[in-house]
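Engineer: So that we are looking at the same thing, I have put the structure below in structure tokens.
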Amino acid sequence: ISSVNEQCYSHIEWIVVDGASKDNTVKLIRAGFKRNLIIISEKDKGIYDALNKGIKHATGDIIGFLHSDDLFASGDILKEVADSLQQNDVDGVYGDLQYVAKEETSKVIRYWKSQKFTPLLLMRGWMPAHPTLFLKREVYTKHGLFNLDYKIAADYDLMLRIFSDSSLKFHYLPQVITKMRVGGASNRSLRNIQRKSLEDYKALKANDIKYPLKVLAYKNLSKLNQFVTK
């Protein structure tokens, strides 16, 4: 909430999706947010169902996500993203991600540095860090929402659909956009990591990516050099 309130960009619509929690979450949100706010608090079918609800309720030109344990890297991030989309005349912008310690967000555990997109990167298992990805709303209109058949890899499936579309243009913003506390759904246990790999493979096949096992191996191995504190 603090990283949201610190944003210097003013043309923002905040949509908070809560899974009908019984604690003080909604009360804290109402008390904490200082911007245009819509709260949806109802039972859902998981993370991706919640994200789909946010997309459906969005009326803005650009859609991005900030998960409950994440924060924006600085107070001017959303202005940088908006300016980048406009100046480069693109359909999406993405940047770098830092995994940080849960109690000490200045301590970097893993640094996900992205790069300029080329179609060949999809064959190397590349994807941008999803929490750093901002897309024009028309992209979702064209390619649809998150597929709820995936419990952990629906973001990878969606990005394969989007980045395989040669009519879309993307811009890499070479800076940290989002900080993510360690312990996310896809990497909190060995079982989840195994399930993520199986779902990644399913997504690769569903999106007609050649040599899916090879691509999956590239995808997993490419993460090793991220575990360097920067």
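Within each chain, counting starts at residue 1; across the structure tokens, chains are named A, B, ... in the order shown, with ligands numbered 1 upward in that order.
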For stretch 75-168 of chain A versus stretch 192-200 of chain A, which residues have an atom no more than 8 Å away, and what is each residue's nearest atom pair and distance in Å rounded to one decimal, using only C-alpha atoms, chain-then-number order, as a tab-separated table?
Structural biologist:
```
residue	atom	partner	partner_atom	distance
A:Tyr150	CA	A:Glu199	CA	6.6
A:Ile152	CA	A:Lys196	CA	5.8
A:Ala153	CA	A:Glu199	CA	5.7
A:Tyr156	CA	A:Asp200	CA	7.0
A:Asp157	CA	A:Asp200	CA	7.5
```
Engineer: Would you mind writing down, as a PyMOL selection string, each residue of stretch 4-225 of chain A that DSSP on the backbone assigns to strand (DSSP E or B)?
Structural biologist: chain A and resi 14-18+37-41+62-63+70-72+92-100+108-112+134-136+170-181
Engineer: Generate the output file for the selected residues, N, CA and C atoms, as a compact mmCIF listing (two decimals), in the first residue's frame.
Structural biologist:
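The resulting file, selection36.txt, is reproduced below:
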```txt
# COMPACT_ATOMS: atom_id res chain seq x y z
N TRP A 14 -6.99 1.85 -9.14
CA TRP A 14 -6.55 0.70 -8.35
C TRP A 14 -7.72 -0.24 -8.13
N ILE A 15 -7.56 -1.49 -8.54
CA ILE A 15 -8.58 -2.51 -8.33
C ILE A 15 -7.98 -3.58 -7.43
N VAL A 16 -8.47 -3.68 -6.23
CA VAL A 16 -7.97 -4.66 -5.27
C VAL A 16 -8.92 -5.84 -5.22
N VAL A 17 -8.39 -7.03 -5.51
CA VAL A 17 -9.21 -8.25 -5.51
C VAL A 17 -8.82 -9.09 -4.30
N ASP A 18 -9.78 -9.31 -3.44
CA ASP A 18 -9.57 -10.05 -2.19
C ASP A 18 -10.47 -11.28 -2.20
N LEU A 37 -10.08 3.90 -5.88
CA LEU A 37 -10.03 2.53 -5.41
C LEU A 37 -11.35 1.79 -5.65
N ILE A 38 -11.20 0.56 -6.19
CA ILE A 38 -12.32 -0.37 -6.32
C ILE A 38 -11.92 -1.64 -5.56
N ILE A 39 -12.76 -2.12 -4.67
CA ILE A 39 -12.45 -3.33 -3.93
C ILE A 39 -13.45 -4.42 -4.30
N ILE A 40 -12.93 -5.58 -4.68
CA ILE A 40 -13.74 -6.75 -4.97
C ILE A 40 -13.38 -7.79 -3.92
N SER A 41 -14.28 -8.11 -3.03
CA SER A 41 -14.00 -9.09 -1.98
C SER A 41 -15.05 -10.19 -2.05
N ILE A 62 -4.00 0.81 -19.80
CA ILE A 62 -2.88 -0.08 -19.51
C ILE A 62 -3.22 -0.89 -18.26
N ILE A 63 -2.86 -2.18 -18.28
CA ILE A 63 -3.13 -3.05 -17.13
C ILE A 63 -1.82 -3.68 -16.64
N ASP A 70 4.25 -7.99 -2.98
CA ASP A 70 5.19 -7.27 -3.83
C ASP A 70 5.14 -5.76 -3.57
N LEU A 71 6.13 -5.05 -4.09
CA LEU A 71 6.11 -3.60 -4.02
C LEU A 71 6.82 -3.02 -5.24
N PHE A 72 6.43 -1.81 -5.61
CA PHE A 72 7.11 -1.12 -6.70
C PHE A 72 8.48 -0.67 -6.23
N GLY A 92 3.21 -3.30 -25.10
CA GLY A 92 3.55 -3.74 -23.76
C GLY A 92 4.94 -3.30 -23.35
N VAL A 93 5.13 -3.16 -22.05
CA VAL A 93 6.42 -2.79 -21.47
C VAL A 93 6.72 -3.75 -20.33
N TYR A 94 7.99 -4.13 -20.20
CA TYR A 94 8.41 -4.98 -19.09
C TYR A 94 9.81 -4.56 -18.66
N GLY A 95 10.22 -5.02 -17.48
CA GLY A 95 11.53 -4.65 -16.97
C GLY A 95 12.13 -5.72 -16.11
N ASP A 96 12.94 -5.33 -15.12
CA ASP A 96 13.64 -6.27 -14.26
C ASP A 96 12.88 -6.47 -12.95
N LEU A 97 13.16 -7.62 -12.31
CA LEU A 97 12.51 -7.99 -11.05
C LEU A 97 13.57 -8.39 -10.03
N GLN A 98 13.36 -7.99 -8.80
CA GLN A 98 14.22 -8.43 -7.71
C GLN A 98 13.41 -9.27 -6.74
N TYR A 99 13.93 -10.47 -6.41
CA TYR A 99 13.39 -11.25 -5.29
C TYR A 99 14.12 -10.76 -4.04
N VAL A 100 13.36 -10.37 -3.04
CA VAL A 100 13.98 -9.78 -1.85
C VAL A 100 13.57 -10.55 -0.60
N VAL A 108 18.63 -8.22 -1.61
CA VAL A 108 18.28 -8.90 -2.85
C VAL A 108 18.76 -10.35 -2.81
N ILE A 109 17.83 -11.30 -3.01
CA ILE A 109 18.14 -12.72 -3.04
C ILE A 109 18.41 -13.19 -4.47
N ARG A 110 17.64 -12.66 -5.37
CA ARG A 110 17.72 -13.10 -6.78
C ARG A 110 17.37 -11.91 -7.67
N TYR A 111 18.11 -11.76 -8.75
CA TYR A 111 17.92 -10.61 -9.65
C TYR A 111 17.55 -11.14 -11.03
N TRP A 112 16.30 -10.90 -11.43
CA TRP A 112 15.82 -11.35 -12.74
C TRP A 112 15.99 -10.20 -13.73
N PHE A 134 3.43 -4.77 -18.23
CA PHE A 134 2.26 -3.90 -18.37
C PHE A 134 1.81 -3.95 -19.83
N LEU A 135 0.53 -4.26 -20.03
CA LEU A 135 0.00 -4.42 -21.38
C LEU A 135 -1.19 -3.50 -21.63
N LYS A 136 -1.35 -3.09 -22.88
CA LYS A 136 -2.56 -2.36 -23.24
C LYS A 136 -3.76 -3.29 -23.09
N PHE A 170 6.82 -4.73 -28.25
CA PHE A 170 7.14 -4.63 -26.83
C PHE A 170 8.43 -3.82 -26.62
N HIS A 171 8.50 -3.21 -25.44
CA HIS A 171 9.69 -2.43 -25.10
C HIS A 171 10.23 -2.88 -23.75
N TYR A 172 11.53 -3.11 -23.72
CA TYR A 172 12.19 -3.48 -22.48
C TYR A 172 12.70 -2.23 -21.78
N LEU A 173 12.24 -2.02 -20.55
CA LEU A 173 12.67 -0.90 -19.73
C LEU A 173 13.77 -1.42 -18.80
N PRO A 174 15.03 -1.07 -19.03
CA PRO A 174 16.15 -1.68 -18.31
C PRO A 174 16.33 -1.15 -16.88
N GLN A 175 15.37 -1.43 -16.05
CA GLN A 175 15.45 -1.04 -14.65
C GLN A 175 14.52 -1.93 -13.82
N VAL A 176 14.75 -1.96 -12.52
CA VAL A 176 13.92 -2.77 -11.64
C VAL A 176 12.55 -2.11 -11.50
N ILE A 177 11.51 -2.83 -11.84
CA ILE A 177 10.15 -2.32 -11.74
C ILE A 177 9.49 -2.80 -10.45
N THR A 178 9.67 -4.08 -10.14
CA THR A 178 8.98 -4.68 -9.01
C THR A 178 9.94 -5.45 -8.12
N LYS A 179 9.69 -5.39 -6.81
CA LYS A 179 10.40 -6.23 -5.84
C LYS A 179 9.41 -7.25 -5.31
N MET A 180 9.81 -8.51 -5.33
CA MET A 180 8.94 -9.59 -4.90
C MET A 180 9.56 -10.31 -3.69
N ARG A 181 8.80 -10.38 -2.63
CA ARG A 181 9.30 -11.12 -1.47
C ARG A 181 9.36 -12.61 -1.82
```
Engineer: Please return, as a ChimeraX atom specification, all residues of stretch 57-171 of chain A that DSSP assigns to helix (DSSP H, G or I) on the basis of the backbone.
Structural biologist: /A:57,77-88,119-124,130-132,137-143,154-163
Engineer: Dump N, CA, C and O atoms for the selected residues as a compact mmCIF listing (two decimals), in the first residue's frame?
Structural biologist:
```
# COMPACT_ATOMS: atom_id res chain seq x y z
N HIS A 57 -12.68 -5.79 -14.67
CA HIS A 57 -13.17 -4.55 -14.08
C HIS A 57 -12.37 -3.32 -14.51
O HIS A 57 -12.80 -2.19 -14.26
N ILE A 77 7.88 4.60 -10.84
CA ILE A 77 7.83 3.45 -11.75
C ILE A 77 6.66 3.53 -12.73
O ILE A 77 6.82 3.33 -13.93
N LEU A 78 5.46 3.82 -12.24
CA LEU A 78 4.30 3.82 -13.13
C LEU A 78 4.36 4.96 -14.14
O LEU A 78 3.88 4.82 -15.26
N LYS A 79 4.96 6.07 -13.77
CA LYS A 79 5.17 7.15 -14.73
C LYS A 79 6.15 6.71 -15.82
O LYS A 79 5.95 6.99 -17.01
N GLU A 80 7.21 6.01 -15.40
CA GLU A 80 8.19 5.51 -16.36
C GLU A 80 7.53 4.54 -17.34
O GLU A 80 7.78 4.58 -18.55
N VAL A 81 6.68 3.67 -16.84
CA VAL A 81 5.99 2.69 -17.68
C VAL A 81 5.05 3.39 -18.66
O VAL A 81 5.04 3.10 -19.86
N ALA A 82 4.25 4.32 -18.16
CA ALA A 82 3.30 5.03 -19.02
C ALA A 82 4.02 5.83 -20.10
O ALA A 82 3.63 5.81 -21.27
N ASP A 83 5.09 6.52 -19.71
CA ASP A 83 5.86 7.31 -20.68
C ASP A 83 6.50 6.39 -21.72
O ASP A 83 6.53 6.72 -22.92
N SER A 84 6.99 5.24 -21.28
CA SER A 84 7.64 4.32 -22.19
C SER A 84 6.67 3.76 -23.22
O SER A 84 6.99 3.64 -24.41
N LEU A 85 5.46 3.41 -22.78
CA LEU A 85 4.45 2.90 -23.70
C LEU A 85 4.09 3.94 -24.76
O LEU A 85 3.96 3.64 -25.94
N GLN A 86 3.95 5.17 -24.32
CA GLN A 86 3.55 6.23 -25.24
C GLN A 86 4.68 6.62 -26.19
O GLN A 86 4.48 6.73 -27.40
N GLN A 87 5.87 6.81 -25.66
CA GLN A 87 6.99 7.28 -26.47
C GLN A 87 7.47 6.25 -27.48
O GLN A 87 7.94 6.60 -28.57
N ASN A 88 7.35 4.97 -27.12
CA ASN A 88 7.84 3.91 -28.01
C ASN A 88 6.73 3.29 -28.87
O ASN A 88 7.02 2.44 -29.71
N PRO A 119 11.74 -12.90 -31.19
CA PRO A 119 10.98 -14.16 -31.21
C PRO A 119 11.82 -15.40 -30.89
O PRO A 119 11.31 -16.37 -30.32
N LEU A 120 13.11 -15.37 -31.23
CA LEU A 120 13.98 -16.51 -30.97
C LEU A 120 14.08 -16.83 -29.48
O LEU A 120 14.29 -17.99 -29.09
N LEU A 121 13.90 -15.83 -28.64
CA LEU A 121 14.01 -16.03 -27.19
C LEU A 121 12.98 -17.02 -26.66
O LEU A 121 13.24 -17.71 -25.67
N LEU A 122 11.83 -17.12 -27.30
CA LEU A 122 10.80 -18.06 -26.85
C LEU A 122 11.30 -19.50 -26.94
O LEU A 122 10.92 -20.34 -26.13
N MET A 123 12.16 -19.76 -27.92
CA MET A 123 12.73 -21.09 -28.09
C MET A 123 13.81 -21.39 -27.06
O MET A 123 14.26 -22.53 -26.94
N ARG A 124 14.21 -20.40 -26.34
CA ARG A 124 15.22 -20.57 -25.30
C ARG A 124 14.58 -20.55 -23.90
O ARG A 124 15.27 -20.41 -22.90
N HIS A 130 6.66 -11.73 -15.03
CA HIS A 130 5.27 -11.31 -15.18
C HIS A 130 4.87 -10.12 -14.32
O HIS A 130 4.11 -9.25 -14.77
N PRO A 131 5.35 -10.01 -13.06
CA PRO A 131 4.96 -8.84 -12.26
C PRO A 131 5.46 -7.51 -12.82
O PRO A 131 5.00 -6.46 -12.38
N THR A 132 6.39 -7.55 -13.78
CA THR A 132 6.90 -6.30 -14.36
C THR A 132 6.21 -5.97 -15.68
O THR A 132 6.51 -4.94 -16.28
N ARG A 137 -4.86 -2.73 -22.69
CA ARG A 137 -6.06 -3.55 -22.44
C ARG A 137 -6.49 -4.31 -23.69
O ARG A 137 -7.04 -5.41 -23.61
N GLU A 138 -6.22 -3.74 -24.89
CA GLU A 138 -6.59 -4.39 -26.14
C GLU A 138 -5.89 -5.73 -26.33
O GLU A 138 -6.39 -6.61 -27.04
N VAL A 139 -4.73 -5.91 -25.71
CA VAL A 139 -4.01 -7.18 -25.82
C VAL A 139 -4.83 -8.30 -25.18
O VAL A 139 -4.93 -9.41 -25.72
N TYR A 140 -5.45 -8.01 -24.04
CA TYR A 140 -6.30 -9.01 -23.38
C TYR A 140 -7.58 -9.25 -24.18
O TYR A 140 -8.10 -10.36 -24.22
N THR A 141 -8.10 -8.20 -24.79
CA THR A 141 -9.28 -8.35 -25.64
C THR A 141 -9.00 -9.31 -26.78
O THR A 141 -9.84 -10.16 -27.14
N LYS A 142 -7.79 -9.23 -27.32
CA LYS A 142 -7.40 -10.06 -28.46
C LYS A 142 -7.04 -11.49 -28.05
O LYS A 142 -7.45 -12.45 -28.71
N HIS A 143 -6.29 -11.64 -26.96
CA HIS A 143 -5.73 -12.95 -26.61
C HIS A 143 -6.40 -13.62 -25.42
O HIS A 143 -6.05 -14.74 -25.07
N ALA A 154 -0.27 -20.31 -15.48
CA ALA A 154 -1.17 -19.59 -16.38
C ALA A 154 -0.54 -18.30 -16.89
O ALA A 154 -0.86 -17.85 -18.00
N ASP A 155 0.36 -17.70 -16.11
CA ASP A 155 1.03 -16.49 -16.59
C ASP A 155 1.97 -16.83 -17.74
O ASP A 155 2.06 -16.08 -18.72
N TYR A 156 2.68 -17.97 -17.66
CA TYR A 156 3.57 -18.39 -18.74
C TYR A 156 2.77 -18.70 -20.00
O TYR A 156 3.13 -18.29 -21.10
N ASP A 157 1.66 -19.39 -19.85
CA ASP A 157 0.78 -19.70 -20.98
C ASP A 157 0.30 -18.43 -21.66
O ASP A 157 0.34 -18.31 -22.89
N LEU A 158 -0.14 -17.46 -20.87
CA LEU A 158 -0.62 -16.20 -21.43
C LEU A 158 0.49 -15.46 -22.16
O LEU A 158 0.29 -14.94 -23.27
N MET A 159 1.68 -15.44 -21.57
CA MET A 159 2.78 -14.72 -22.21
C MET A 159 3.26 -15.42 -23.48
O MET A 159 3.68 -14.76 -24.43
N LEU A 160 3.17 -16.74 -23.53
CA LEU A 160 3.48 -17.44 -24.78
C LEU A 160 2.50 -17.02 -25.87
O LEU A 160 2.89 -16.81 -27.02
N ARG A 161 1.23 -16.91 -25.52
CA ARG A 161 0.23 -16.48 -26.49
C ARG A 161 0.53 -15.07 -27.00
O ARG A 161 0.49 -14.80 -28.20
N ILE A 162 0.85 -14.20 -26.07
CA ILE A 162 1.04 -12.79 -26.41
C ILE A 162 2.33 -12.55 -27.17
O ILE A 162 2.35 -11.88 -28.21
N PHE A 163 3.43 -13.11 -26.66
CA PHE A 163 4.72 -12.84 -27.30
C PHE A 163 4.92 -13.63 -28.59
O PHE A 163 5.87 -13.36 -29.33
```
Engineer: Would you please work out which residue, of A:Asp149, A:Asp69, A:Glu103, A:Asp76, is nearest to A:Tyr9 when using only C-alpha atoms?
Structural biologist: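 Counting only C-alpha atoms, the residue closest to A:Tyr9 is A:Asp76.
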Engineer: May I ask which of the residues A:Ser2, A:Thr118, A:Ser21, A:Ser68 is the closest one to A:Ser164, counting only C-alpha atoms?
Structural biologist: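 Counting only C-alpha atoms, the residue closest to A:Ser164 is A:Thr118.
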Engineer: Enter the distance from atom CA of A:Glu13 to atom CA of A:Val26, in Å, rounded to one decimal.
Structural biologist: 17.1 Å
Engineer: Find the distance between atom CA of A:Thr105 and atom CA of A:Arg35 and write it in Å to one decimal.
Structural biologist: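 Straight-line distance from atom CA of A:Thr105 to atom CA of A:Arg35 works out to 23.8 Å.
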Engineer: With distances taken over only C-alpha atoms, which residue among A:Leu145, A:Leu190, A:Ala203, A:Val90 lies nearest A:Lys53?
Structural biologist: A:Leu145
Engineer: Nearest residue to A:Gln226 out of A:Gly144, A:Ile29, A:Tyr211, A:Ser114, using only C-alpha atoms?
Structural biologist: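 Closest residue, counting only C-alpha atoms: A:Ser114.
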Engineer: Using only C-alpha atoms, pick whichever of A:Ser106, A:Asn220, A:Asn147, A:Asn5 has the shortest atom-to-atom distance to A:Gly32.
Structural biologist: A:Asn5
Engineer: Can you work out which one of A:Gly46, A:Gly60, A:Gly183, A:Pro212 has the shortest atom-to-atom distance to A:His11, counting only C-alpha atoms?
Structural biologist: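 Closest to A:His11 of all the choices is A:Gly60.
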Engineer: Quick one: distance from atom CA of A:Met127 to atom CA of A:Ala101 in Å, one decimal?
Structural biologist: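 Straight-line distance from atom CA of A:Met127 to atom CA of A:Ala101 works out to 23.1 Å.
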